[in-house]
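Containing mmCIF, C-alpha atoms: input.cif.
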```
data_data
#
loop_
_atom_site.group_PDB
_atom_site.id
_atom_site.type_symbol
_atom_site.label_atom_id
_atom_site.label_comp_id
_atom_site.auth_asym_id
_atom_site.auth_seq_id
_atom_site.Cartn_x
_atom_site.Cartn_y
_atom_site.Cartn_z
ATOM 1 C CA MET A 42 -39.836 -29.065 7.219
ATOM 2 C CA ASN A 43 -37.641 -26.079 8.027
ATOM 3 C CA GLU A 44 -37.747 -24.720 11.528
ATOM 4 C CA PRO A 45 -37.769 -20.893 11.621
ATOM 5 C CA LEU A 46 -34.357 -19.425 12.417
ATOM 6 C CA LEU A 47 -35.469 -17.660 15.598
ATOM 7 C CA ARG A 48 -36.903 -20.915 16.949
ATOM 8 C CA GLN A 49 -33.597 -22.625 16.111
ATOM 9 C CA ILE A 50 -31.735 -19.927 18.046
ATOM 10 C CA LYS A 51 -33.931 -20.431 21.093
ATOM 11 C CA ARG A 52 -33.662 -24.221 20.865
ATOM 12 C CA ARG A 53 -29.858 -23.987 20.615
ATOM 13 C CA ARG A 54 -29.711 -21.660 23.631
ATOM 14 C CA LEU A 55 -31.809 -24.093 25.658
ATOM 15 C CA GLN A 56 -29.703 -27.060 24.512
ATOM 16 C CA LEU A 57 -26.633 -25.282 25.858
ATOM 17 C CA GLY A 58 -28.427 -24.574 29.131
ATOM 18 C CA PHE A 59 -28.243 -20.795 28.740
ATOM 19 C CA LYS A 60 -30.857 -18.346 29.977
ATOM 20 C CA GLN A 61 -31.665 -15.234 27.976
ATOM 21 C CA ALA A 62 -29.769 -13.230 30.598
ATOM 22 C CA ASP A 63 -26.656 -15.351 29.925
ATOM 23 C CA MET A 64 -26.572 -14.123 26.353
ATOM 24 C CA GLN A 65 -25.528 -10.630 27.419
ATOM 25 C CA SER A 66 -22.142 -11.837 28.619
ATOM 26 C CA ARG A 67 -21.793 -14.147 25.617
ATOM 27 C CA THR A 68 -22.767 -11.600 22.947
ATOM 28 C CA GLY A 69 -22.758 -8.105 24.417
ATOM 29 C CA ILE A 70 -26.454 -7.820 23.561
ATOM 30 C CA SER A 71 -28.582 -6.682 26.495
ATOM 31 C CA ARG A 72 -31.054 -9.172 27.979
ATOM 32 C CA GLN A 73 -33.951 -6.980 26.805
ATOM 33 C CA GLN A 74 -32.596 -6.804 23.244
ATOM 34 C CA TYR A 75 -31.981 -10.533 23.167
ATOM 35 C CA GLN A 76 -35.430 -11.271 24.568
ATOM 36 C CA LYS A 77 -36.957 -9.098 21.844
ATOM 37 C CA LEU A 78 -34.880 -10.872 19.191
ATOM 38 C CA GLU A 79 -36.209 -14.297 20.226
ATOM 39 C CA SER A 80 -39.810 -13.163 20.575
ATOM 40 C CA GLN A 81 -40.254 -10.660 17.735
ATOM 41 C CA GLY A 82 -37.335 -11.294 15.452
ATOM 42 C CA ASN A 83 -36.124 -9.508 12.349
ATOM 43 C CA PRO A 84 -32.559 -8.921 13.586
ATOM 44 C CA ARG A 85 -29.830 -7.511 11.369
ATOM 45 C CA LEU A 86 -27.395 -9.959 9.802
ATOM 46 C CA ASP A 87 -24.483 -8.781 11.939
ATOM 47 C CA THR A 88 -26.634 -9.310 15.062
ATOM 48 C CA LEU A 89 -27.430 -12.858 13.935
ATOM 49 C CA GLU A 90 -23.718 -13.524 13.425
ATOM 50 C CA ILE A 91 -22.974 -12.278 16.961
ATOM 51 C CA VAL A 92 -25.762 -14.426 18.429
ATOM 52 C CA ALA A 93 -24.569 -17.482 16.487
ATOM 53 C CA ALA A 94 -21.039 -17.002 17.815
ATOM 54 C CA GLY A 95 -22.437 -16.702 21.343
ATOM 55 C CA LEU A 96 -24.198 -20.027 20.830
ATOM 56 C CA ASN A 97 -21.040 -21.733 19.513
ATOM 57 C CA ALA A 98 -22.655 -21.923 16.069
ATOM 58 C CA GLN A 99 -22.307 -20.472 12.586
ATOM 59 C CA LEU A 100 -24.667 -19.018 10.027
ATOM 60 C CA MET A 101 -24.343 -20.395 6.526
ATOM 61 C CA LEU A 102 -26.259 -20.749 3.304
ATOM 62 C CA ILE A 103 -26.820 -24.338 2.329
ATOM 63 C CA PRO A 104 -27.916 -25.140 -1.210
ATOM 64 C CA ASP A 105 -31.441 -26.577 -1.228
ATOM 65 C CA ASP A 106 -30.281 -29.726 -2.968
ATOM 66 C CA LYS A 107 -27.733 -30.379 -0.169
ATOM 67 C CA ALA A 108 -29.866 -29.352 2.819
ATOM 68 C CA TYR A 109 -31.178 -32.893 3.311
ATOM 69 C CA LEU A 110 -27.577 -34.120 3.796
ATOM 70 C CA VAL A 111 -26.948 -31.526 6.481
ATOM 71 C CA ARG A 112 -30.220 -32.412 8.217
ATOM 72 C CA GLN A 113 -29.305 -36.084 8.163
ATOM 73 C CA LEU A 114 -25.880 -35.361 9.631
ATOM 74 C CA LEU A 115 -27.347 -33.196 12.348
ATOM 75 C CA ASN A 116 -29.965 -35.824 13.186
ATOM 76 C CA ASP A 117 -27.428 -38.663 13.218
ATOM 77 C CA GLU A 118 -29.379 -40.434 10.492
ATOM 78 C CA ILE A 119 -26.319 -41.188 8.407
ATOM 79 C CA LYS A 120 -24.241 -44.105 9.585
ATOM 80 C CA ILE A 121 -20.678 -43.084 8.837
ATOM 81 C CA SER A 122 -18.044 -45.770 8.395
ATOM 82 C CA ILE A 123 -14.656 -45.486 10.097
ATOM 83 C CA GLU A 124 -13.022 -44.637 6.751
ATOM 84 C CA ASP A 125 -15.588 -41.935 6.096
ATOM 85 C CA GLN A 126 -15.056 -40.558 9.604
ATOM 86 C CA ASN A 127 -11.331 -40.234 8.926
ATOM 87 C CA ASP A 128 -12.040 -38.494 5.610
ATOM 88 C CA LEU A 129 -14.531 -36.188 7.313
ATOM 89 C CA MET A 130 -11.999 -35.332 10.022
ATOM 90 C CA THR A 131 -9.538 -34.074 7.410
ATOM 91 C CA ASN A 132 -12.157 -32.475 5.155
ATOM 92 C CA PRO A 133 -15.637 -32.286 6.746
ATOM 93 C CA TRP A 134 -17.123 -30.587 3.681
ATOM 94 C CA GLN A 135 -15.795 -33.090 1.144
ATOM 95 C CA GLY A 136 -18.396 -33.668 -1.534
ATOM 96 C CA LEU A 137 -21.027 -31.488 0.141
ATOM 97 C CA LEU A 138 -21.007 -28.965 -2.681
ATOM 98 C CA GLY A 139 -20.579 -31.585 -5.373
ATOM 99 C CA ASP A 140 -16.794 -31.123 -5.533
ATOM 100 C CA PRO A 141 -14.903 -34.029 -7.049
ATOM 101 C CA GLU A 142 -13.230 -36.224 -4.465
ATOM 102 C CA SER A 143 -9.545 -35.514 -3.949
#
```

Can I see the file as structure tokens?
Amino acid sequence: MNEPLLRQIKRRRLQLGFKQADMQSRTGISRQQYQKLESQGNPRLDTLEIVAAGLNAQLMLIPDDKAYLVRQLLNDEIKISIEDQNDLMTNPWQGLLGDPES
């Protein structure tokens, strides 16, 4: 099940140990604006990009048929061999979009 984006933002902020007030110095968005973003939502795309950068994260579109792979990686459900780790270090997106292996 997909967690709503605004809940993901809040969870990420809490994981990093940031308070809403901390986001002002990290993003330039006032505490009140940031608080409203988390509680009411519907921010502009450029605002989401700024918030993501402030949370040491990125926004991206993930094809539905590949989303399960990303979820597994994020949840440490995939056991990656040493060889695979080396491949992923040089090209972390190898095969994610169905590209032929190089």

Problem - For atom CA of A:Pro104 and atom CA of A:Asn83, the interatomic separation in Å (one decimal) - result: 22.3 Å

Problem - Test item: the PyMOL selection byres ((chain A and resi 51) around 12) resolved as number ranges by chain - result: A: 44-50, 52-61, 64, 75-80, 82, 92-93, 96

Exercise for the section: Provide the atom CA of A:Ser66 to atom CA of A:Ala98 distance in Å, to one decimal place. Expected result: 16.1 Å

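Interatomic distance, atom CA of A:Leu89 against atom CA of A:Arg72: 15.0 Å.
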
Enclosing box along x, y and z for every listed atom of stretch 47-52 of chain A, padded 6 Å each side, centre and size in Å, one decimal, as AutoDock Vina command-line options:
```
--center_x -34.3 --center_y -20.9 --center_z 18.3 --size_x 17.2 --size_y 18.6 --size_z 17.5
```

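Remark: for A:Thr68, the closest of the candidate residues A:Thr88, A:Gln99, A:Gln81, A:Leu114 is A:Thr88 (distances computed over all atoms listed in the file).
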